[in-house]
$ cat entry_39.csv   # CSV, C-alpha atoms and all ligand atoms
chain,number,residue,atom,x,y,z
F,1,MET,CA,-32.6,13.4,6.2
F,2,LYS,CA,-28.8,13.9,6.2
F,3,THR,CA,-27.6,15.2,2.8
F,4,ALA,CA,-24.1,16.4,3.6
F,5,MET,CA,-20.9,15.1,5.4
F,6,GLN,CA,-17.5,16.3,6.4
F,7,ALA,CA,-14.7,15.5,4.0
F,8,VAL,CA,-11.3,16.6,2.8
F,9,ARG,CA,-11.1,17.4,-0.9
F,10,ASN,CA,-8.9,19.1,-3.4
F,11,SER,CA,-10.0,21.0,-6.5
F,12,ARG,CA,-6.5,21.3,-8.0
F,13,PHE,CA,-3.0,19.8,-7.6
F,14,GLY,CA,-0.5,21.4,-5.2
F,15,PRO,CA,1.0,21.5,-1.7
F,16,ALA,CA,-1.1,20.0,1.0
F,17,GLY,CA,-1.6,23.3,2.9
F,18,ASP,CA,-2.7,25.0,-0.3
F,19,VAL,CA,-5.1,22.5,-1.8
F,20,LEU,CA,-6.6,20.2,0.8
F,21,GLU,CA,-9.9,21.7,2.1
F,22,TYR,CA,-11.8,20.3,5.0
F,23,GLY,CA,-15.6,21.1,4.8
F,24,GLU,CA,-19.0,20.0,3.9
F,25,VAL,CA,-19.7,18.0,0.7
F,26,PRO,CA,-22.7,16.1,-0.5
F,27,LEU,CA,-23.2,12.5,0.8
F,28,PRO,CA,-22.3,9.7,-1.7
F,29,ARG,CA,-25.3,8.3,-3.6
F,30,PRO,CA,-27.0,5.2,-2.2
F,31,PRO,CA,-25.0,2.0,-2.8
F,32,GLY,CA,-25.5,0.3,-6.1
F,33,LYS,CA,-25.3,-3.4,-7.0
F,34,GLY,CA,-22.6,-5.1,-5.0
F,35,GLU,CA,-21.7,-1.9,-3.1
F,36,VAL,CA,-21.9,-0.9,0.6
F,37,LEU,CA,-21.9,2.6,2.2
F,38,VAL,CA,-19.5,2.9,5.1
F,39,ARG,CA,-19.6,5.4,7.9
F,40,GLN,CA,-15.8,6.0,8.2
F,41,ARG,CA,-14.2,6.0,11.7
F,42,ALA,CA,-10.6,6.1,10.5
F,43,THR,CA,-8.4,6.1,7.4
F,44,SER,CA,-4.7,6.5,6.8
F,45,VAL,CA,-2.3,8.4,4.6
F,46,ASN,CA,-0.5,6.4,1.9
F,47,PRO,CA,2.3,8.0,-0.2
F,48,ILE,CA,0.0,7.5,-3.3
F,49,ASP,CA,-2.4,10.1,-1.7
F,50,CYS,CA,0.3,12.7,-1.4
F,51,ARG,CA,1.7,12.0,-4.8
F,52,ARG,CA,-1.8,12.1,-6.5
F,53,ARG,CA,-2.4,15.4,-4.7
F,54,GLY,CA,0.7,16.6,-6.5
F,55,GLY,CA,-0.5,15.4,-9.9
F,56,TYR,CA,1.2,12.0,-10.1
F,57,GLY,CA,-0.5,9.5,-12.3
F,58,ARG,CA,-3.0,12.1,-13.7
F,59,ALA,CA,-2.7,10.8,-17.3
F,60,LEU,CA,-3.3,7.2,-16.6
F,61,LEU,CA,-6.0,7.9,-13.9
F,62,ARG,CA,-7.8,10.2,-16.3
F,63,LEU,CA,-7.8,7.4,-18.9
F,64,ARG,CA,-9.4,5.1,-16.3
F,65,GLY,CA,-12.1,7.7,-15.6
F,66,ILE,CA,-10.8,8.4,-12.1
F,67,GLY,CA,-9.1,11.8,-12.8
F,68,GLY,CA,-10.9,15.1,-12.5
F,69,PHE,CA,-11.9,17.5,-9.7
F,70,PRO,CA,-13.0,17.9,-7.0
F,71,GLN,CA,-11.4,14.7,-5.7
F,72,ILE,CA,-11.5,13.0,-2.3
F,73,LEU,CA,-8.2,11.1,-1.8
F,74,GLY,CA,-7.7,8.1,0.5
F,75,CYS,CA,-7.8,4.4,0.1
F,76,ASP,CA,-8.1,2.7,3.6
F,77,VAL,CA,-11.6,1.9,4.8
F,78,SER,CA,-12.4,1.4,8.5
F,79,GLY,CA,-15.9,2.0,9.8
F,80,GLU,CA,-19.5,0.7,10.0
F,81,ILE,CA,-21.8,-0.2,7.2
F,82,THR,CA,-24.8,2.1,7.0
F,83,ALA,CA,-26.4,0.8,3.8
F,84,VAL,CA,-26.0,-2.2,1.5
F,85,GLY,CA,-26.8,-2.4,-2.2
F,86,PRO,CA,-28.6,-5.1,-4.1
F,87,GLY,CA,-26.8,-8.4,-4.3
F,88,VAL,CA,-24.8,-8.0,-1.1
F,89,SER,CA,-25.5,-10.9,1.2
F,90,GLU,CA,-22.3,-11.5,3.2
F,91,LEU,CA,-22.4,-8.0,4.9
F,92,GLN,CA,-25.1,-6.2,6.8
F,93,VAL,CA,-25.9,-2.7,8.1
F,94,GLY,CA,-24.1,-2.3,11.4
F,95,ASP,CA,-21.1,-4.5,10.6
F,96,ALA,CA,-17.8,-3.0,11.5
F,97,VAL,CA,-15.6,-3.5,8.4
F,98,PHE,CA,-12.1,-2.7,7.1
F,99,GLY,CA,-10.4,-3.0,3.7
F,100,ALA,CA,-9.1,-0.8,0.9
F,101,LYS,CA,-10.4,0.7,-2.2
F,102,SER,CA,-8.4,1.4,-5.3
F,103,PRO,CA,-7.5,5.1,-5.9
F,104,SER,CA,-10.6,6.9,-7.0
F,105,VAL,CA,-12.2,10.4,-7.2
F,106,ARG,CA,-14.4,9.6,-4.2
F,107,GLY,CA,-11.9,8.2,-1.7
F,108,THR,CA,-11.9,7.6,2.0
F,109,TYR,CA,-11.0,11.0,3.6
F,110,ALA,CA,-14.7,11.5,4.4
F,111,GLN,CA,-17.3,10.6,6.9
F,112,TYR,CA,-19.0,8.3,4.4
F,113,CYS,CA,-17.6,6.3,1.4
F,114,LEU,CA,-19.0,3.9,-1.1
F,115,VAL,CA,-17.0,0.7,-1.6
F,116,LYS,CA,-17.5,-2.6,-3.4
F,117,ALA,CA,-18.6,-5.2,-0.8
F,118,ALA,CA,-15.8,-7.4,-2.1
F,119,GLU,CA,-13.2,-4.9,-1.0
F,120,VAL,CA,-14.0,-5.0,2.7
F,121,ILE,CA,-14.4,-7.7,5.3
F,122,ARG,CA,-15.6,-7.8,9.0
F,123,LYS,CA,-13.1,-6.1,11.3
F,124,PRO,CA,-11.8,-8.3,14.0
F,125,PRO,CA,-13.0,-6.8,17.4
F,126,GLU,CA,-9.4,-7.0,18.6
F,127,LEU,CA,-8.5,-4.2,16.2
F,128,SER,CA,-9.5,-0.6,16.9
F,129,PHE,CA,-10.8,1.4,13.9
F,130,ALA,CA,-7.5,3.3,13.9
F,131,GLU,CA,-5.5,0.1,13.8
F,132,ALA,CA,-7.7,-1.4,11.1
F,133,ALA,CA,-7.1,1.7,9.0
F,134,ALA,CA,-3.4,1.4,9.2
F,135,LEU,CA,-3.1,-2.0,7.5
F,136,PRO,CA,-5.0,-2.9,4.3
F,137,TYR,CA,-3.8,-0.7,1.5
F,138,ALA,CA,-0.2,-0.9,2.5
F,139,PHE,CA,-0.4,-4.7,3.1
F,140,LEU,CA,-2.4,-5.5,-0.1
F,141,SER,CA,0.1,-3.5,-2.2
F,142,ALA,CA,3.1,-5.4,-0.9
F,143,TRP,CA,1.1,-8.7,-1.0
F,144,ALA,CA,0.4,-8.1,-4.7
F,145,ALA,CA,4.2,-7.9,-5.2
F,146,LEU,CA,4.9,-11.0,-3.1
F,147,THR,CA,2.3,-12.9,-5.1
F,148,ASP,CA,3.6,-11.7,-8.4
F,149,ALA,CA,7.1,-12.8,-7.4
F,150,GLY,CA,5.8,-16.3,-6.8
F,151,PHE,CA,5.4,-16.3,-3.0
F,152,ARG,CA,2.4,-18.3,-1.6
F,153,ALA,CA,1.2,-18.3,2.0
F,154,GLU,CA,0.7,-22.1,2.0
F,155,SER,CA,4.4,-22.8,1.2
F,156,ALA,CA,5.9,-19.8,3.0
F,157,ALA,CA,7.6,-21.7,5.8
F,158,GLY,CA,11.3,-21.7,5.5
F,159,ARG,CA,11.3,-19.4,2.3
F,160,ARG,CA,13.9,-16.7,2.4
F,161,ILE,CA,12.4,-13.2,1.7
F,162,PHE,CA,14.1,-9.9,1.4
F,163,LEU,CA,12.0,-6.7,1.9
F,164,GLN,CA,13.6,-3.4,1.0
F,165,GLY,CA,12.1,-0.7,3.2
F,166,GLY,CA,11.0,-2.8,6.3
F,167,SER,CA,10.1,0.2,8.4
F,168,GLY,CA,7.7,2.0,6.0
F,169,GLY,CA,4.0,1.6,6.0
F,170,THR,CA,4.1,-1.4,3.6
F,171,GLY,CA,7.2,-2.9,5.2
F,172,VAL,CA,6.0,-3.0,8.9
F,173,VAL,CA,2.9,-5.1,8.1
F,174,THR,CA,4.4,-7.3,5.4
F,175,LEU,CA,7.4,-8.2,7.5
F,176,GLN,CA,5.1,-9.4,10.3
F,177,VAL,CA,2.9,-11.4,8.0
F,178,CYS,CA,5.9,-13.2,6.4
F,179,LYS,CA,7.3,-14.0,9.8
F,180,ALA,CA,3.9,-15.3,11.0
F,181,LEU,CA,3.9,-17.6,8.0
F,182,GLY,CA,7.2,-19.1,9.0
F,183,ALA,CA,9.5,-17.4,6.4
F,184,HIS,CA,13.1,-16.2,7.1
F,185,VAL,CA,12.9,-12.4,6.6
F,186,ALA,CA,15.7,-9.9,5.9
F,187,VAL,CA,15.0,-6.2,5.6
F,188,THR,CA,16.7,-2.9,5.0
F,189,ALA,CA,15.6,0.2,6.9
F,190,GLY,CA,16.8,3.7,7.7
F,191,PRO,CA,18.7,4.3,11.0
F,192,GLN,CA,15.5,5.1,12.9
F,193,GLY,CA,13.8,2.0,11.7
F,194,VAL,CA,16.3,-0.6,12.4
F,195,ASP,CA,15.2,-1.3,16.0
F,196,LEU,CA,11.5,-1.3,15.0
F,197,CYS,CA,12.2,-4.0,12.4
F,198,ARG,CA,14.1,-6.1,14.9
F,199,ARG,CA,11.2,-5.7,17.4
F,200,LEU,CA,8.7,-6.8,14.7
F,201,GLY,CA,10.7,-10.0,14.3
F,202,ALA,CA,13.0,-9.5,11.3
F,203,ASP,CA,15.8,-12.1,11.2
F,204,GLU,CA,18.3,-9.8,9.6
F,205,VAL,CA,18.2,-6.0,9.5
F,206,PHE,CA,20.5,-3.7,7.6
F,207,ASP,CA,20.7,0.1,7.8
F,208,TYR,CA,20.5,1.1,4.2
F,209,ARG,CA,22.4,4.3,4.8
F,210,THR,CA,25.6,2.6,6.1
F,211,GLU,CA,25.4,-1.1,5.1
F,212,ASP,CA,25.3,-2.9,1.7
F,213,PHE,CA,22.8,-5.8,2.2
F,214,SER,CA,24.0,-7.5,-1.0
F,215,ARG,CA,27.4,-8.2,0.6
F,216,HIS,CA,25.8,-10.2,3.3
F,217,LEU,CA,22.7,-11.9,1.7
F,218,ASP,CA,22.7,-14.8,-0.8
F,219,GLN,CA,20.4,-17.6,-2.0
F,220,PHE,CA,17.1,-15.7,-1.3
F,221,ASP,CA,13.9,-16.9,-2.8
F,222,PHE,CA,12.2,-13.5,-3.1
F,223,ALA,CA,13.3,-9.9,-3.2
F,224,ILE,CA,10.6,-7.2,-2.9
F,225,CYS,CA,11.3,-3.6,-3.6
F,226,LEU,CA,9.2,-1.3,-1.3
F,227,ALA,CA,11.3,1.8,-1.4
F,228,ASP,CA,13.9,2.5,-4.1
F,229,GLN,CA,14.1,0.9,-7.5
F,230,SER,CA,17.6,2.0,-8.2
F,231,GLU,CA,18.8,-0.9,-6.0
F,232,GLU,CA,17.1,-3.4,-8.3
F,233,ALA,CA,20.3,-5.0,-9.6
F,234,LYS,CA,21.5,-5.5,-6.0
F,235,MET,CA,18.2,-7.1,-4.9
F,236,ILE,CA,18.3,-9.5,-7.9
F,237,SER,CA,21.9,-10.4,-7.1
F,238,ILE,CA,20.9,-12.0,-3.8
F,239,LEU,CA,18.3,-14.4,-5.4
F,240,ARG,CA,19.1,-18.0,-6.1
F,241,PRO,CA,18.3,-19.2,-9.6
F,242,GLY,CA,14.7,-20.3,-10.2
F,243,PRO,CA,12.2,-21.8,-10.6
F,244,GLY,CA,10.2,-20.7,-7.6
F,245,THR,CA,12.1,-17.5,-7.1
F,246,GLY,CA,11.3,-13.9,-8.1
F,247,TYR,CA,11.7,-10.2,-7.8
F,248,ALA,CA,8.8,-7.7,-7.7
F,249,THR,CA,8.6,-4.0,-7.1
F,250,ILE,CA,5.8,-1.6,-6.1
F,251,VAL,CA,8.0,1.3,-7.0
F,252,HIS,CA,8.2,1.6,-10.7
F,253,PRO,CA,8.3,4.3,-13.3
F,254,LEU,CA,5.1,3.4,-15.3
F,255,MET,CA,2.9,6.3,-14.0
F,256,SER,CA,5.6,9.0,-14.0
F,257,LEU,CA,6.8,8.0,-17.5
F,258,VAL,CA,3.2,8.4,-18.8
F,259,ASP,CA,2.8,11.7,-16.9
F,260,THR,CA,6.0,13.2,-18.3
F,261,LYS,CA,6.2,11.7,-21.8
F,262,GLY,CA,2.6,10.9,-22.6
F,263,LEU,CA,0.8,7.6,-23.0
F,264,LEU,CA,2.4,6.5,-26.3
F,265,ARG,CA,6.1,7.5,-25.7
F,266,GLY,CA,6.1,7.1,-21.9
F,267,GLY,CA,4.0,3.9,-22.0
F,268,SER,CA,6.2,2.3,-24.7
F,269,GLU,CA,9.4,3.3,-22.8
F,270,ALA,CA,8.0,1.7,-19.7
F,271,ALA,CA,7.0,-1.4,-21.6
F,272,ARG,CA,10.4,-1.8,-23.2
F,273,THR,CA,12.3,-1.5,-19.9
F,274,PHE,CA,9.9,-3.9,-18.2
F,275,LEU,CA,10.1,-6.5,-21.0
F,276,ARG,CA,13.9,-6.3,-21.2
F,277,ASN,CA,14.2,-6.8,-17.4
F,278,ARG,CA,11.6,-9.6,-17.4
F,279,ARG,CA,13.4,-11.5,-20.2
F,280,ALA,CA,16.7,-11.3,-18.3
F,281,GLN,CA,15.1,-12.9,-15.2
F,282,LYS,CA,13.2,-15.5,-17.3
F,283,ARG,CA,16.5,-16.8,-18.5
F,284,ARG,CA,17.3,-17.6,-14.8
F,285,HIS,CA,13.7,-19.1,-14.5
F,286,ARG,CA,12.8,-16.3,-12.0
F,287,ALA,CA,9.6,-14.2,-11.9
F,288,TYR,CA,9.9,-10.4,-12.5
F,289,ALA,CA,7.1,-8.0,-11.9
F,290,TRP,CA,6.0,-4.4,-11.6
F,291,SER,CA,3.1,-4.7,-9.2
F,292,LEU,CA,0.2,-2.4,-8.3
F,293,PHE,CA,-2.2,-2.5,-5.4
F,294,ARG,CA,-5.1,-4.8,-6.0
F,295,PRO,CA,-8.0,-5.9,-3.8
F,296,ASP,CA,-7.5,-9.4,-2.6
F,297,ARG,CA,-10.2,-10.8,-0.2
F,298,ALA,CA,-8.2,-13.9,0.7
F,299,ALA,CA,-5.2,-11.8,1.7
F,300,LEU,CA,-7.4,-9.5,3.7
F,301,GLU,CA,-8.9,-12.5,5.5
F,302,LEU,CA,-5.4,-13.8,6.3
F,303,LEU,CA,-4.4,-10.4,7.6
F,304,ALA,CA,-7.6,-10.3,9.9
F,305,GLU,CA,-6.8,-13.8,11.1
F,306,LEU,CA,-3.2,-12.9,12.0
F,307,THR,CA,-4.3,-9.7,13.8
F,308,GLU,CA,-6.9,-11.7,15.8
F,309,LYS,CA,-4.2,-14.0,17.0
F,310,GLY,CA,-2.1,-11.0,17.9
F,311,THR,CA,0.8,-12.2,15.7
F,312,VAL,CA,0.5,-9.1,13.5
F,313,GLN,CA,0.0,-5.6,14.9
F,314,ALA,CA,-0.6,-2.2,13.4
F,315,VAL,CA,2.3,0.1,13.8
F,316,ILE,CA,1.0,3.7,14.1
F,317,ASP,CA,3.4,6.6,14.2
F,318,ARG,CA,0.9,9.4,14.6
F,319,THR,CA,-2.9,10.1,14.4
F,320,TYR,CA,-4.5,13.2,13.2
F,321,PRO,CA,-8.2,14.3,13.1
F,322,LEU,CA,-9.8,14.5,9.6
F,323,SER,CA,-9.7,18.3,9.8
F,324,ALA,CA,-5.9,18.2,10.1
F,325,THR,CA,-5.4,15.9,7.0
F,326,ALA,CA,-3.1,18.6,5.4
F,327,GLU,CA,-0.7,18.3,8.4
F,328,ALA,CA,-0.8,14.5,8.1
F,329,HIS,CA,0.2,14.8,4.5
F,330,GLU,CA,3.0,17.2,5.4
F,331,TYR,CA,4.3,14.8,8.0
F,332,SER,CA,4.1,11.9,5.6
F,333,GLU,CA,6.1,13.9,3.1
F,334,SER,CA,8.7,14.8,5.7
F,335,GLY,CA,9.8,11.2,5.5
F,336,ARG,CA,10.1,11.0,9.3
F,337,ALA,CA,7.1,8.6,9.9
F,338,LYS,CA,7.9,5.0,11.0
F,339,GLY,CA,4.9,2.8,10.2
F,340,LYS,CA,1.6,4.5,9.4
F,341,ILE,CA,-0.1,7.9,9.8
F,342,VAL,CA,-3.7,7.4,10.7
F,343,ILE,CA,-6.6,9.9,10.3
F,344,GLU,CA,-9.4,9.6,12.9
F,345,ILE,CA,-12.9,10.5,11.7
F,346,ASP,CA,-15.6,11.8,14.2
I,1,LIG,N1,2.5,0.2,-6.9
I,1,LIG,C1,1.6,0.4,-5.9
I,1,LIG,O1,0.4,0.1,-6.1
I,1,LIG,C2,2.0,1.0,-4.6
I,1,LIG,C3,1.2,0.8,-3.5
I,1,LIG,C4,1.6,1.3,-2.2
I,1,LIG,C5,2.8,2.0,-2.2
I,1,LIG,N2,3.6,2.2,-3.3
I,1,LIG,C6,4.9,2.9,-3.2
I,1,LIG,O2,5.7,2.1,-2.4
I,1,LIG,C7,6.6,2.9,-1.6
I,1,LIG,C8,6.5,2.5,-0.2
I,1,LIG,O3,5.3,2.8,0.4
I,1,LIG,P1,5.2,2.9,2.0
I,1,LIG,O4,3.7,3.1,2.3
I,1,LIG,O5,5.9,1.8,2.6
I,1,LIG,O6,6.0,4.3,2.2
I,1,LIG,P2,6.6,5.0,3.5
I,1,LIG,O7,5.7,4.6,4.6
I,1,LIG,O8,6.8,6.4,3.1
I,1,LIG,O9,8.0,4.2,3.8
I,1,LIG,C9,9.0,4.2,2.9
I,1,LIG,C10,10.2,3.6,3.7
I,1,LIG,O10,11.3,3.3,2.8
I,1,LIG,C11,12.5,3.6,3.5
I,1,LIG,N3,13.5,3.7,2.5
I,1,LIG,C12,13.8,4.8,1.7
I,1,LIG,N4,14.8,4.5,0.9
I,1,LIG,C13,15.2,3.2,1.2
I,1,LIG,C14,16.2,2.3,0.8
I,1,LIG,N5,17.1,2.7,-0.2
I,1,LIG,N6,16.4,1.1,1.4
I,1,LIG,C15,15.6,0.8,2.4
I,1,LIG,N7,14.6,1.5,2.9
I,1,LIG,C16,14.4,2.8,2.3
I,1,LIG,C17,12.2,4.8,4.3
I,1,LIG,O11,13.1,4.9,5.4
I,1,LIG,P3,13.7,6.3,5.9
I,1,LIG,O12,12.6,7.2,6.1
I,1,LIG,O13,14.5,6.0,7.1
I,1,LIG,O14,14.5,6.8,4.7
I,1,LIG,C18,10.7,4.5,4.8
I,1,LIG,O15,10.7,3.8,6.0
I,1,LIG,C19,6.2,4.3,-1.9
I,1,LIG,O16,7.0,4.9,-2.9
I,1,LIG,C20,4.8,4.2,-2.5
I,1,LIG,O17,4.4,5.3,-3.3
I,1,LIG,C21,3.2,1.7,-4.5

$ encode --input "entry_39.csv" --output "C-alpha cells"
Amino acid sequence: MKTAMQAVRNSRFGPAGDVLEYGEVPLPRPPGKGEVLVRQRATSVNPIDCRRRGGYGRALLRLRGIGGFPQILGCDVSGEITAVGPGVSELQVGDAVFGAKSPSVRGTYAQYCLVKAAEVIRKPPELSFAEAAALPYAFLSAWAALTDAGFRAESAAGRRIFLQGGSGGTGVVTLQVCKALGAHVAVTAGPQGVDLCRRLGADEVFDYRTEDFSRHLDQFDFAICLADQSEEAKMISILRPGPGTGYATIVHPLMSLVDTKGLLRGGSEAARTFLRNRRAQKRRHRAYAWSLFRPDRAALELLAELTEKGTVQAVIDRTYPLSATAEAHEYSESGRAKGKIVIEID
C-alpha cells in the first residue's frame, strides 16, 4: 500500500529557492467526517503562498493552530477524489473536483490533499485540471469582498463596479464574472494588463501608472480593492452615497500589524483604523469591509456554471511542474505575471 507522495514543503521561512523542498512526504491520514482525499492534478500560486513562505501572518496563523513546520503551502484544489470520509454523500470516489481550502499546514502543493467536502464541487468537463486550479481561491477571495460590499449576483445587472487590479489573479476572473452577470465594470491595470482587461470585457480600463481613474469615474455602486490600499480614499470618492453601495478590500494591514506589533498592540491598531473608516462610510449609508478568503459553495457553483457556458475563462500566464514550484514562486514575486501561475502535478 502507498504510504508516501511527492510534495513541496518548507521547514522555515525564507526565499523560495532556499526553503521550498520538493520530495517525498507521508500521505495524509484517511479522510475524517465530512472530508475527502483528493489526488491533485494541478494547483496554483497565490500571493498568500509566497507571503506565508516569508513569514507573513505567522502570529495569527499560529493562534488558529495552522502555523508550525514543516508546512505544505497552496490553496487551490483540482483533481480526483480517491477516498471519502463518513457523512459525505454528494461526492464519490472518482469524481473530478475543484475548489479551494483556507490556508493550512497541509496545503495543496502535493499529490494528495485532504479537504472538507463542502470546499469542493464537481469540475465542469469543459475545464482542464490546470484551468480549474487557476480560478477558485482568487475568485472566492474577491467574491468575499464583493459580497461584503453589498453586491449580490441576483441584482448585479446594471450595477456599476470598480475593480482595482483587473489583470491580477483575482481581477481576471472577477471582472469576467461581474460582466457575465450584467454589471458595468471599470478596472485599473498596469500597462501590460490593459489590453487583457479589454479583451476580457471590461467597459472602462485605466492604466494605473499613468491615469487617475478617480478623475473619470463617478456614481459607482461598488469599489473593490484588489491591489493597493493606499488608493482607498480615491476608490471611495467614486462611490455614490448609499444605501446599497460599498467599498471592500482584500488588501488590508491586519495580519502584518499583528506580525510586527503583536496581537494586542497590532490587533487593536488594526481594529481602531477599521472601525474609524467603517463609521465614516456608515454616515454615508455605505458598507465598508476588510475581507478575507472564505469558502462559498454557492459562489463556486456560479463560477462552474459560467465556465461551462464559456462566459468565464481561466487566464493562465505560465505553468510549472510541481518540482519547479520554487521557480513559480519567484515568477509570482517578480510581479510580471498576468492572470495565474499554475502548477501541474503528475
Ligand atoms: N484577504 C485575502 O483573503 C486575500 C485573498 C487573495 C489575495 N489577497 C491579496 O490580494 C492582492 C491581489 O491578489 P492577486 O492574486 O490578484 O495578485 P496578483 O496576481 O499578484 O495581481 C496583482 C495585480 O495588481 C496590479 N496592481 C498593482 N498595483 C496596482 C494599482 N495601484 N492599481 C491597479 N492595479 C495594481 C498588478 O499589476 P502590475 O503587475 O502591472 O503592477 C497585478 O496585475 C494580493 O496582495 C494578495 O495578497 C488577499

$ residues_near_ligand --input "entry_39.csv" --ligand "ligand LIG 1 (chain I)" --cutoff "6 Å" --atoms "only C-alpha atoms and all ligand atoms" --output "number ranges by chain"
F: 46-48, 138, 141, 164-165, 167-171, 188-192, 208, 226-228, 250-251, 291-293, 335-336, 338-339

$ atom_distance --input "entry_39.csv" --atom1 "atom CA of Pro241 of chain F" --atom2 "atom CA of Leu275 of chain F"
18.9 Å

$ closest_residue --input "entry_39.csv" --among "F:Val115, F:Val105, F:Leu302, F:Cys75" --to "Cys178 of chain F" --atoms "all atoms listed in the file"
F:Leu302

$ closest_residue --input "entry_39.csv" --among "F:Ala96, F:Ala142, F:Cys50, F:Ala110" --to "Gly23 of chain F" --atoms "only C-alpha atoms"
F:Ala110

$ residues_around --input "entry_39.csv" --residues "Arg12 of chain F" --least-positions-apart "2" --cutoff "12 Å" --atoms "all atoms listed in the file" --output "PyMOL selection string"
chain F and resi 9-10+14-16+18-21+52-55+58+67-72
